[in-house]
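Printed here is structure-v4.cif (mmCIF, C-alpha atoms):
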```
data_input
#
loop_
_atom_site.label_atom_id
_atom_site.label_comp_id
_atom_site.auth_asym_id
_atom_site.auth_seq_id
_atom_site.Cartn_x
_atom_site.Cartn_y
_atom_site.Cartn_z
CA MET W 32 30.10 22.57 -56.82
CA THR W 33 32.83 20.02 -56.20
CA SER W 34 34.71 18.26 -58.99
CA ALA W 35 35.60 14.60 -59.03
CA SER W 36 38.96 13.75 -57.57
CA PRO W 37 41.58 12.92 -60.26
CA SER W 38 42.51 9.77 -58.35
CA LEU W 39 38.91 8.52 -58.71
CA ALA W 40 38.72 9.19 -62.44
CA PRO W 41 38.40 6.13 -64.68
CA GLN W 42 41.72 4.79 -65.91
CA PRO W 43 40.94 2.44 -68.81
CA GLU W 44 44.56 1.63 -69.52
CA LEU W 45 45.20 0.36 -65.98
CA ALA W 46 41.89 -1.45 -65.87
CA ALA W 47 42.52 -3.23 -69.17
CA GLU W 48 46.04 -4.38 -68.27
CA PRO W 49 45.06 -7.04 -65.69
CA SER W 50 42.38 -8.26 -68.10
CA ALA W 51 45.00 -8.72 -70.84
CA PHE W 52 47.25 -10.75 -68.55
CA ALA W 53 44.28 -12.81 -67.41
CA GLU W 54 43.25 -13.55 -70.98
CA ILE W 55 46.78 -14.54 -72.00
CA GLY W 56 47.02 -16.77 -68.94
CA GLN W 57 43.68 -18.36 -69.76
CA GLU W 58 44.75 -19.01 -73.35
CA THR W 59 48.06 -20.48 -72.22
CA LEU W 60 46.43 -22.79 -69.70
CA ALA W 61 43.83 -23.95 -72.25
CA LEU W 62 46.51 -24.77 -74.84
CA THR W 63 48.66 -26.46 -72.18
CA ARG W 64 45.67 -28.53 -71.06
CA ARG W 65 45.18 -29.66 -74.65
CA LEU W 66 48.79 -30.93 -74.79
CA PHE W 67 48.38 -32.82 -71.52
CA LEU W 68 45.14 -34.38 -72.77
CA GLN W 69 47.07 -35.66 -75.79
CA LEU W 70 49.68 -37.09 -73.42
CA PHE W 71 47.09 -38.82 -71.25
CA ARG W 72 45.43 -40.36 -74.30
CA ARG W 73 48.78 -41.54 -75.63
CA PRO W 74 51.09 -41.94 -72.62
CA SER W 75 53.76 -43.77 -74.60
CA THR W 76 55.86 -40.59 -74.79
CA LEU W 77 55.96 -40.28 -71.01
CA VAL W 78 56.59 -44.01 -70.48
CA ALA W 79 59.36 -44.17 -73.10
CA GLY W 80 60.94 -41.00 -71.72
CA ILE W 81 61.29 -42.69 -68.34
CA LEU W 82 62.09 -46.24 -69.47
CA GLN W 83 64.93 -45.37 -71.84
CA PRO W 84 67.13 -43.52 -69.31
CA LEU W 85 66.13 -46.02 -66.63
CA ILE W 86 67.47 -48.85 -68.79
CA TRP W 87 70.65 -46.87 -69.35
CA LEU W 88 71.02 -46.31 -65.62
CA VAL W 89 70.52 -49.98 -64.74
CA LEU W 90 72.61 -51.47 -67.56
CA PHE W 91 75.54 -49.06 -67.43
CA GLY W 92 75.54 -49.12 -63.64
CA ALA W 93 75.71 -52.93 -63.69
CA LEU W 94 78.29 -52.97 -66.50
CA PHE W 95 80.78 -50.90 -64.52
CA ALA W 96 79.73 -52.04 -61.04
CA LYS W 97 83.09 -53.79 -60.50
CA ALA W 98 85.23 -50.86 -61.59
CA PRO W 99 88.26 -50.46 -59.31
CA GLU W 100 87.86 -48.05 -56.40
CA GLY W 101 89.51 -44.72 -57.00
CA LEU W 102 89.10 -45.05 -60.76
CA LEU W 103 86.75 -42.07 -60.91
CA PRO W 104 87.65 -38.57 -59.68
CA GLY W 105 86.56 -38.23 -56.07
CA GLY W 106 86.00 -41.97 -55.73
CA GLY W 107 82.55 -43.46 -55.33
CA SER W 108 80.66 -45.94 -57.45
CA TYR W 109 80.11 -45.62 -61.16
CA GLY W 110 76.35 -45.76 -60.62
CA ARG W 111 76.43 -42.56 -58.57
CA PHE W 112 78.71 -40.97 -61.17
CA LEU W 113 76.36 -42.02 -63.98
CA GLY W 114 73.19 -40.87 -62.17
CA ALA W 115 73.77 -37.18 -62.84
CA GLY W 116 74.39 -37.82 -66.52
CA VAL W 117 71.22 -39.88 -66.91
CA ILE W 118 69.13 -37.24 -65.10
CA VAL W 119 70.39 -34.53 -67.45
CA PHE W 120 70.04 -36.75 -70.51
CA THR W 121 66.40 -37.41 -69.57
CA ALA W 122 65.57 -33.70 -69.37
CA PHE W 123 67.56 -32.96 -72.51
CA SER W 124 65.80 -35.64 -74.58
CA ALA W 125 62.36 -34.47 -73.48
CA ALA W 126 63.16 -30.83 -74.26
CA LEU W 127 64.66 -31.72 -77.63
CA ASN W 128 61.27 -33.15 -78.62
CA ALA W 129 59.48 -29.91 -77.70
CA GLY W 130 59.05 -28.89 -81.32
CA LEU W 131 57.28 -32.07 -82.41
CA PRO W 132 53.77 -31.12 -81.16
CA VAL W 133 54.10 -27.74 -82.86
CA MET W 134 55.36 -29.37 -86.04
CA PHE W 135 52.42 -31.80 -86.12
CA ASP W 136 50.01 -28.90 -85.52
CA ARG W 137 51.57 -27.19 -88.54
CA GLU W 138 51.21 -30.23 -90.77
CA PHE W 139 47.64 -31.09 -89.69
CA GLY W 140 46.46 -27.49 -90.04
CA PHE W 141 45.60 -26.92 -86.38
CA LEU W 142 48.21 -24.17 -86.08
CA ASN W 143 46.51 -22.24 -88.88
CA ARG W 144 43.26 -22.45 -86.94
CA LEU W 145 44.97 -21.02 -83.89
CA LEU W 146 46.46 -18.19 -85.95
CA VAL W 147 43.02 -17.09 -87.19
CA ALA W 148 41.40 -17.56 -83.77
CA PRO W 149 40.73 -14.39 -81.71
CA LEU W 150 43.64 -14.96 -79.35
CA ARG W 151 44.70 -12.07 -77.14
CA SER W 152 48.34 -12.94 -77.89
CA ARG W 153 49.79 -15.62 -80.14
CA SER W 154 52.67 -15.87 -77.68
CA SER W 155 50.38 -18.13 -75.65
CA ILE W 156 51.05 -20.84 -78.28
CA VAL W 157 54.76 -20.77 -77.47
CA LEU W 158 54.22 -20.33 -73.73
CA ALA W 159 51.96 -23.40 -73.66
CA SER W 160 54.63 -25.51 -75.35
CA VAL W 161 57.30 -24.28 -72.94
CA LEU W 162 55.09 -24.96 -69.90
CA TYR W 163 54.15 -28.43 -71.15
CA ILE W 164 57.68 -29.53 -71.98
CA THR W 165 59.08 -28.09 -68.74
CA SER W 166 56.53 -30.02 -66.68
CA LEU W 167 57.08 -33.22 -68.65
CA SER W 168 60.88 -32.96 -68.39
CA LEU W 169 60.80 -32.37 -64.64
CA VAL W 170 58.44 -35.31 -64.06
CA GLN W 171 60.67 -37.65 -66.06
CA SER W 172 63.87 -36.39 -64.43
CA LEU W 173 62.46 -36.62 -60.90
CA ALA W 174 61.40 -40.20 -61.65
CA ILE W 175 65.04 -40.98 -62.48
CA VAL W 176 66.20 -39.20 -59.30
CA VAL W 177 63.90 -41.37 -57.18
CA THR W 178 64.89 -44.55 -59.07
CA ALA W 179 68.60 -43.77 -58.62
CA ALA W 180 68.02 -43.38 -54.88
CA LEU W 181 66.21 -46.72 -54.74
CA LEU W 182 69.12 -48.36 -56.58
CA GLY W 183 71.50 -47.05 -53.92
CA TYR W 184 73.11 -44.35 -56.04
CA GLY W 185 72.48 -41.60 -53.52
CA TRP W 186 70.15 -38.68 -52.87
CA PRO W 187 71.16 -35.04 -53.38
CA GLY W 188 69.56 -33.79 -50.15
CA GLY W 189 67.40 -30.71 -49.71
CA ALA W 190 69.90 -28.07 -50.88
CA GLY W 191 71.20 -30.37 -53.59
CA LEU W 192 67.68 -31.00 -54.88
CA VAL W 193 67.16 -27.25 -55.24
CA LEU W 194 70.33 -27.05 -57.33
CA VAL W 195 69.18 -30.01 -59.43
CA LEU W 196 65.83 -28.37 -60.19
CA ILE W 197 67.38 -24.99 -61.07
CA THR W 198 69.93 -26.63 -63.36
CA LEU W 199 67.32 -28.75 -65.13
CA LEU W 200 65.02 -25.76 -65.63
CA LEU W 201 67.75 -23.71 -67.28
CA LEU W 202 68.77 -26.59 -69.53
CA VAL W 203 65.16 -27.34 -70.49
CA PHE W 204 64.47 -23.68 -71.32
CA ALA W 205 67.54 -23.52 -73.58
CA VAL W 206 66.86 -26.78 -75.43
CA THR W 207 63.12 -26.05 -75.73
CA ALA W 208 63.91 -22.72 -77.40
CA LEU W 209 66.18 -24.50 -79.87
CA SER W 210 63.59 -27.18 -80.62
CA LEU W 211 60.78 -24.66 -81.14
CA GLY W 212 63.00 -22.69 -83.50
CA LEU W 213 63.70 -25.84 -85.50
CA ALA W 214 59.96 -26.66 -85.58
CA PHE W 215 59.25 -23.40 -87.39
CA ALA W 216 62.42 -23.37 -89.53
CA LEU W 217 62.37 -26.94 -90.90
CA PRO W 218 59.89 -28.01 -93.59
CA GLY W 219 58.41 -31.07 -91.84
CA HIS W 220 58.53 -33.55 -89.00
CA ILE W 221 60.80 -35.95 -90.89
CA GLU W 222 63.57 -33.34 -90.94
CA LEU W 223 62.98 -32.45 -87.28
CA ILE W 224 63.14 -36.09 -86.18
CA ALA W 225 66.32 -36.54 -88.23
CA VAL W 226 67.93 -33.59 -86.45
CA ILE W 227 66.87 -35.00 -83.07
CA PHE W 228 68.33 -38.43 -83.86
CA VAL W 229 71.57 -36.97 -85.18
CA ALA W 230 72.08 -34.60 -82.25
CA ASN W 231 70.93 -36.79 -79.37
CA LEU W 232 73.62 -39.42 -78.85
CA PRO W 233 76.65 -37.40 -80.08
CA LEU W 234 75.86 -34.68 -77.55
CA LEU W 235 75.53 -37.34 -74.85
CA PHE W 236 78.83 -39.06 -75.62
CA ALA W 237 80.64 -35.72 -76.09
CA SER W 238 79.82 -34.75 -72.51
CA THR W 239 80.83 -35.91 -69.04
CA ALA W 240 77.67 -38.02 -68.65
CA LEU W 241 79.43 -41.37 -69.10
CA ALA W 242 83.08 -40.55 -68.38
CA PRO W 243 85.08 -37.74 -66.74
CA LEU W 244 87.18 -35.32 -68.76
CA SER W 245 90.37 -37.01 -67.54
CA PHE W 246 89.42 -40.19 -69.44
CA MET W 247 89.04 -38.39 -72.77
CA PRO W 248 91.55 -37.49 -75.47
CA ALA W 249 92.38 -33.80 -75.65
CA TRP W 250 90.10 -32.98 -78.60
CA LEU W 251 87.13 -34.77 -77.07
CA GLY W 252 87.84 -33.16 -73.70
CA TRP W 253 87.57 -29.72 -75.30
CA LEU W 254 84.27 -30.66 -76.97
CA ALA W 255 82.90 -32.03 -73.72
CA ALA W 256 84.03 -28.95 -71.80
CA LEU W 257 82.08 -26.75 -74.24
CA ASN W 258 79.00 -28.99 -74.31
CA PRO W 259 75.94 -27.46 -72.58
CA LEU W 260 75.12 -30.88 -71.14
CA THR W 261 78.39 -30.82 -69.22
CA PHE W 262 77.46 -27.48 -67.63
CA ALA W 263 74.28 -29.13 -66.37
CA ILE W 264 75.81 -32.48 -65.36
CA GLU W 265 78.65 -31.22 -63.17
CA PRO W 266 76.56 -29.08 -60.75
CA ILE W 267 74.14 -31.98 -60.34
CA ARG W 268 77.04 -34.37 -59.79
CA ALA W 269 78.38 -32.01 -57.13
CA ALA W 270 74.97 -32.09 -55.46
CA TYR W 271 75.28 -35.87 -55.23
CA ALA W 272 78.86 -35.74 -53.98
CA GLY W 273 77.93 -35.36 -50.32
CA SER W 274 77.13 -32.56 -47.90
CA PHE W 275 76.38 -29.90 -50.51
CA GLN W 276 75.31 -26.48 -49.23
CA LEU W 277 73.92 -23.59 -51.25
CA ASN W 278 76.31 -21.12 -49.60
CA HIS W 279 79.20 -23.02 -51.24
CA ILE W 280 77.70 -22.73 -54.71
CA ALA W 281 79.95 -19.80 -55.66
CA SER W 282 83.18 -21.16 -54.18
CA ASP W 283 83.33 -24.92 -54.84
CA VAL W 284 84.78 -25.86 -58.22
CA VAL W 285 82.59 -28.40 -60.04
CA LEU W 286 84.27 -28.48 -63.47
CA GLN W 287 87.99 -28.59 -64.20
CA ALA W 288 87.91 -27.68 -67.88
CA PRO W 289 90.92 -27.27 -70.19
CA TYR W 290 90.26 -23.51 -70.29
CA GLY W 291 89.88 -23.09 -66.50
CA SER W 292 87.83 -23.96 -63.45
CA LEU W 293 84.11 -23.33 -63.10
CA THR W 294 81.91 -23.23 -60.02
CA ALA W 295 78.25 -24.20 -59.94
CA VAL W 296 77.32 -20.53 -60.28
CA GLY W 297 79.51 -20.27 -63.38
CA CYS W 298 77.84 -23.30 -64.97
CA LEU W 299 74.36 -21.97 -64.16
CA ALA W 300 75.28 -18.55 -65.57
CA ILE W 301 76.37 -20.16 -68.84
CA LEU W 302 73.12 -22.14 -69.06
CA ALA W 303 71.04 -19.03 -68.29
CA THR W 304 72.92 -17.01 -70.93
CA LEU W 305 72.41 -19.81 -73.45
CA ALA W 306 68.67 -20.02 -72.73
CA LEU W 307 68.21 -16.26 -73.01
CA GLY W 308 70.29 -16.08 -76.17
CA LEU W 309 68.34 -18.87 -77.87
CA PHE W 310 64.96 -17.33 -77.01
CA LEU W 311 66.13 -13.97 -78.36
CA ALA W 312 67.50 -15.67 -81.47
CA ILE W 313 64.23 -17.46 -82.32
CA ARG W 314 61.99 -14.51 -81.48
CA PRO W 315 62.18 -12.91 -84.98
CA LEU W 316 61.39 -16.30 -86.51
CA LEU W 317 58.40 -16.78 -84.20
CA ASP W 318 57.16 -13.27 -84.93
CA ARG W 319 57.21 -14.03 -88.68
CA LYS W 320 55.58 -17.46 -88.40
CA LEU W 321 52.89 -16.47 -85.89
CA THR W 322 51.64 -13.37 -87.71
#
```
This structure in structure tokens:
Amino acid sequence: MTSASPSLAPQPELAAEPSAFAEIGQETLALTRRLFLQLFRRPSTLVAGILQPLIWLVLFGALFAKAPEGLLPGGGSYGRFLGAGVIVFTAFSAALNAGLPVMFDREFGFLNRLLVAPLRSRSSIVLASVLYITSLSLVQSLAIVVTAALLGYGWPGGAGLVLVLITLLLLVFAVTALSLGLAFALPGHIELIAVIFVANLPLLFASTALAPLSFMPAWLGWLAALNPLTFAIEPIRAAYAGSFQLNHIASDVVLQAPYGSLTAVGCLAILATLALGLFLAIRPLLDRKLT
């Protein structure tokens, strides 16, 4: 009498694992779809997120259109110099608002309903917010990229566009983690909106979005050189500088900071470390709030 082969024996653990991933994916997609439905019903967030940086790009580009040639490092027009800063500011502003939908769900009681629902994993709540904000930020930023090209401020090219997308993704992940942490740590949406308003413009002006480091006083230059927005702006600005190639990403210096020179790889590594560190920092808070 022959016995069943061990390899054909039922393995419930292995069989259940794909089902768990499928269920988490289904939950995440359903929650993400809900956020997009809210956006489609009230598209003012998307429209405002594109119009505000577009106005900045047009007005500031026109304001400094007659700046003397050679005024900026590397030459070129101020509009092209400003384009990278506006692209990053667009993604940053969208990601900074990532905690607002979660905060409103807390205040209206919908989050409590999700917590008592038979979800496979409550992490799908956070994953849905990250996926939604990432998609929204990229759509808004790409709209600014296309508009800048139509205004004559240049196009990053194929390799440069890859660098732009990678840089924006890392920045959005980092800022989204911070915003979600604030959404669970602060008592209400008034406090969260106050933090967003207070942090938004100072971080923009204390970066290289509007002016190079060489134009700044020493103390402001140090702040700008430590600002995460600067680590995102300079690689994107390098992508717009001309014939950028990905094989030069580790050799070409994109940021001459007071503490040393950084390549695009160095800036991306800092952004990736920041994103990972922020997600690890908010994880204990999320575990407490989502249990």
Expansion of the PyMOL selection byres ((chain W and resi 265) around 10) into residues, as a ChimeraX atom specification: /W:112,115-116,119,198,239-240,243,260-264,266-271,284-287,293-295,298
Just checking: using all atoms listed in the file, which residue out of W:Phe246, W:Phe215, W:Phe310, W:Phe123 ends up closest to Leu142 of chain W?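 Among the listed residues, W:Phe215 lies closest to Leu142 of chain W.
Nearest residue to His220 of chain W among W:Arg151, W:Arg137, W:Arg73, W:Arg144 is W:Arg137, counting all atoms listed in the file.
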Test item: the PyMOL selection byres ((chain W and resi 129) around 12) resolved as an NGL selection string: :W and (66 or 76 or 122-128 or 130-135 or 157-168 or 203-215 or 220 or 223-224 or 227)
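When all atoms listed in the file are used to measure the gap to Ala288 of chain W, the shortest distance among W:Thr121, W:Ser245, W:Gln171, W:Gln57 belongs to W:Ser245.
Using all atoms listed in the file, the smallest distance between any of W:Gly56, W:Pro84, W:Gly183, W:Gly252 and Gly107 of chain W comes from W:Gly183.
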When you draw a straight line from atom CA of Ala225 of chain W to atom CA of Phe120 of chain W, how long is it in Å? 18.1 Å
For each of W:Thr304, W:Asn231, W:Asn258, W:Ser154, take the minimum atom-to-atom distance to Ile55 of chain W, counting only C-alpha atoms, then give the residue where this is smallest.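 Among the listed residues, W:Ser154 lies closest to Ile55 of chain W.
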Which of these, W:Ile81, W:Leu254, W:Gly92, W:Ile221, has the shortest distance to Val177 of chain W once you count all atoms listed in the file?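 Distance minimum relative to Val177 of chain W lands on W:Ile81.
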What gap, in Å, lies between atom CA of Leu113 of chain W and atom CA of Gly80 of chain W? 17.3 Å
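Atom pair atom CA of Gly110 of chain W / atom CA of Gly291 of chain W has a distance of 27.0 Å (rounded to one decimal).
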Please enumerate the residues selected by the PyMOL selection byres ((chain W and resi 316) around 10) when evaluated against the supplied file, formatted as a list in words.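 Checked against the file, the PyMOL selection byres ((chain W and resi 316) around 10) matches Leu211, Gly212, Leu213, Phe215, Ala216, Leu311, Ala312, Ile313, Arg314, Pro315, Leu317, Asp318, Arg319, Lys320 and Leu321 of chain W.
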The residues within 12 Å of (65.4, -43.9, -56.4), using all atoms listed in the file and the coordinates of the file, should be reported as a list in words; which are they? Leu85, Leu88, Val89, Gly110, Arg111, Gly114, Ile118, Ser172, Leu173, Ala174, Ile175, Val176, Val177, Thr178, Ala179, Ala180, Leu181, Leu182, Gly183, Tyr184, Gly185, Trp186 and Pro187 of chain W
Generate the missing atoms of segment 80-100 of chain W up to N, CA and C atoms and report them as an mmCIF file, keeping the file's coordinate frame.
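Contents of the output file out_36.cif:
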```
data_model
loop_
_atom_site.group_PDB
_atom_site.id
_atom_site.type_symbol
_atom_site.label_atom_id
_atom_site.label_comp_id
_atom_site.auth_asym_id
_atom_site.auth_seq_id
_atom_site.Cartn_x
_atom_site.Cartn_y
_atom_site.Cartn_z
ATOM 1 N N GLY W 80 60.000 -41.985 -72.243
ATOM 2 C CA GLY W 80 60.940 -41.000 -71.720
ATOM 3 C C GLY W 80 61.490 -41.368 -70.364
ATOM 4 N N ILE W 81 60.791 -42.215 -69.629
ATOM 5 C CA ILE W 81 61.290 -42.690 -68.340
ATOM 6 C C ILE W 81 62.032 -44.019 -68.494
ATOM 7 N N LEU W 82 61.503 -44.915 -69.338
ATOM 8 C CA LEU W 82 62.090 -46.240 -69.470
ATOM 9 C C LEU W 82 63.476 -46.208 -70.111
ATOM 10 N N GLN W 83 63.641 -45.385 -71.152
ATOM 11 C CA GLN W 83 64.930 -45.370 -71.840
ATOM 12 C C GLN W 83 66.078 -44.979 -70.917
ATOM 13 N N PRO W 84 66.014 -43.835 -70.225
ATOM 14 C CA PRO W 84 67.130 -43.520 -69.310
ATOM 15 C C PRO W 84 67.230 -44.468 -68.138
ATOM 16 N N LEU W 85 66.089 -45.046 -67.714
ATOM 17 C CA LEU W 85 66.130 -46.020 -66.630
ATOM 18 C C LEU W 85 66.916 -47.261 -67.039
ATOM 19 N N ILE W 86 66.713 -47.708 -68.276
ATOM 20 C CA ILE W 86 67.470 -48.850 -68.790
ATOM 21 C C ILE W 86 68.951 -48.516 -68.859
ATOM 22 N N TRP W 87 69.258 -47.302 -69.313
ATOM 23 C CA TRP W 87 70.650 -46.870 -69.350
ATOM 24 C C TRP W 87 71.261 -46.897 -67.955
ATOM 25 N N LEU W 88 70.512 -46.383 -66.991
ATOM 26 C CA LEU W 88 71.020 -46.310 -65.620
ATOM 27 C C LEU W 88 71.293 -47.698 -65.061
ATOM 28 N N VAL W 89 70.360 -48.621 -65.277
ATOM 29 C CA VAL W 89 70.520 -49.980 -64.740
ATOM 30 C C VAL W 89 71.636 -50.724 -65.459
ATOM 31 N N LEU W 90 71.641 -50.688 -66.808
ATOM 32 C CA LEU W 90 72.610 -51.470 -67.560
ATOM 33 C C LEU W 90 74.025 -50.935 -67.416
ATOM 34 N N PHE W 91 74.201 -49.619 -67.568
ATOM 35 C CA PHE W 91 75.540 -49.060 -67.430
ATOM 36 C C PHE W 91 76.040 -49.163 -66.003
ATOM 37 N N GLY W 92 75.125 -48.972 -65.033
ATOM 38 C CA GLY W 92 75.540 -49.120 -63.640
ATOM 39 C C GLY W 92 75.995 -50.527 -63.335
ATOM 40 N N ALA W 93 75.303 -51.535 -63.894
ATOM 41 C CA ALA W 93 75.710 -52.930 -63.690
ATOM 42 C C ALA W 93 76.977 -53.264 -64.464
ATOM 43 N N LEU W 94 77.139 -52.672 -65.655
ATOM 44 C CA LEU W 94 78.290 -52.970 -66.500
ATOM 45 C C LEU W 94 79.601 -52.557 -65.827
ATOM 46 N N PHE W 95 79.570 -51.408 -65.152
ATOM 47 C CA PHE W 95 80.780 -50.900 -64.520
ATOM 48 C C PHE W 95 80.718 -51.002 -62.989
ATOM 49 N N ALA W 96 79.886 -51.918 -62.493
ATOM 50 C CA ALA W 96 79.730 -52.040 -61.040
ATOM 51 C C ALA W 96 81.020 -52.497 -60.369
ATOM 52 N N LYS W 97 81.855 -53.280 -61.082
ATOM 53 C CA LYS W 97 83.090 -53.790 -60.500
ATOM 54 C C LYS W 97 84.312 -52.967 -60.891
ATOM 55 N N ALA W 98 84.090 -51.734 -61.274
ATOM 56 C CA ALA W 98 85.230 -50.860 -61.590
ATOM 57 C C ALA W 98 86.074 -50.658 -60.347
ATOM 58 N N PRO W 99 87.395 -50.598 -60.482
ATOM 59 C CA PRO W 99 88.260 -50.460 -59.310
ATOM 60 C C PRO W 99 87.969 -49.180 -58.532
ATOM 61 N N GLU W 100 88.064 -49.244 -57.218
ATOM 62 C CA GLU W 100 87.860 -48.050 -56.400
ATOM 63 C C GLU W 100 88.948 -47.028 -56.686
#
```
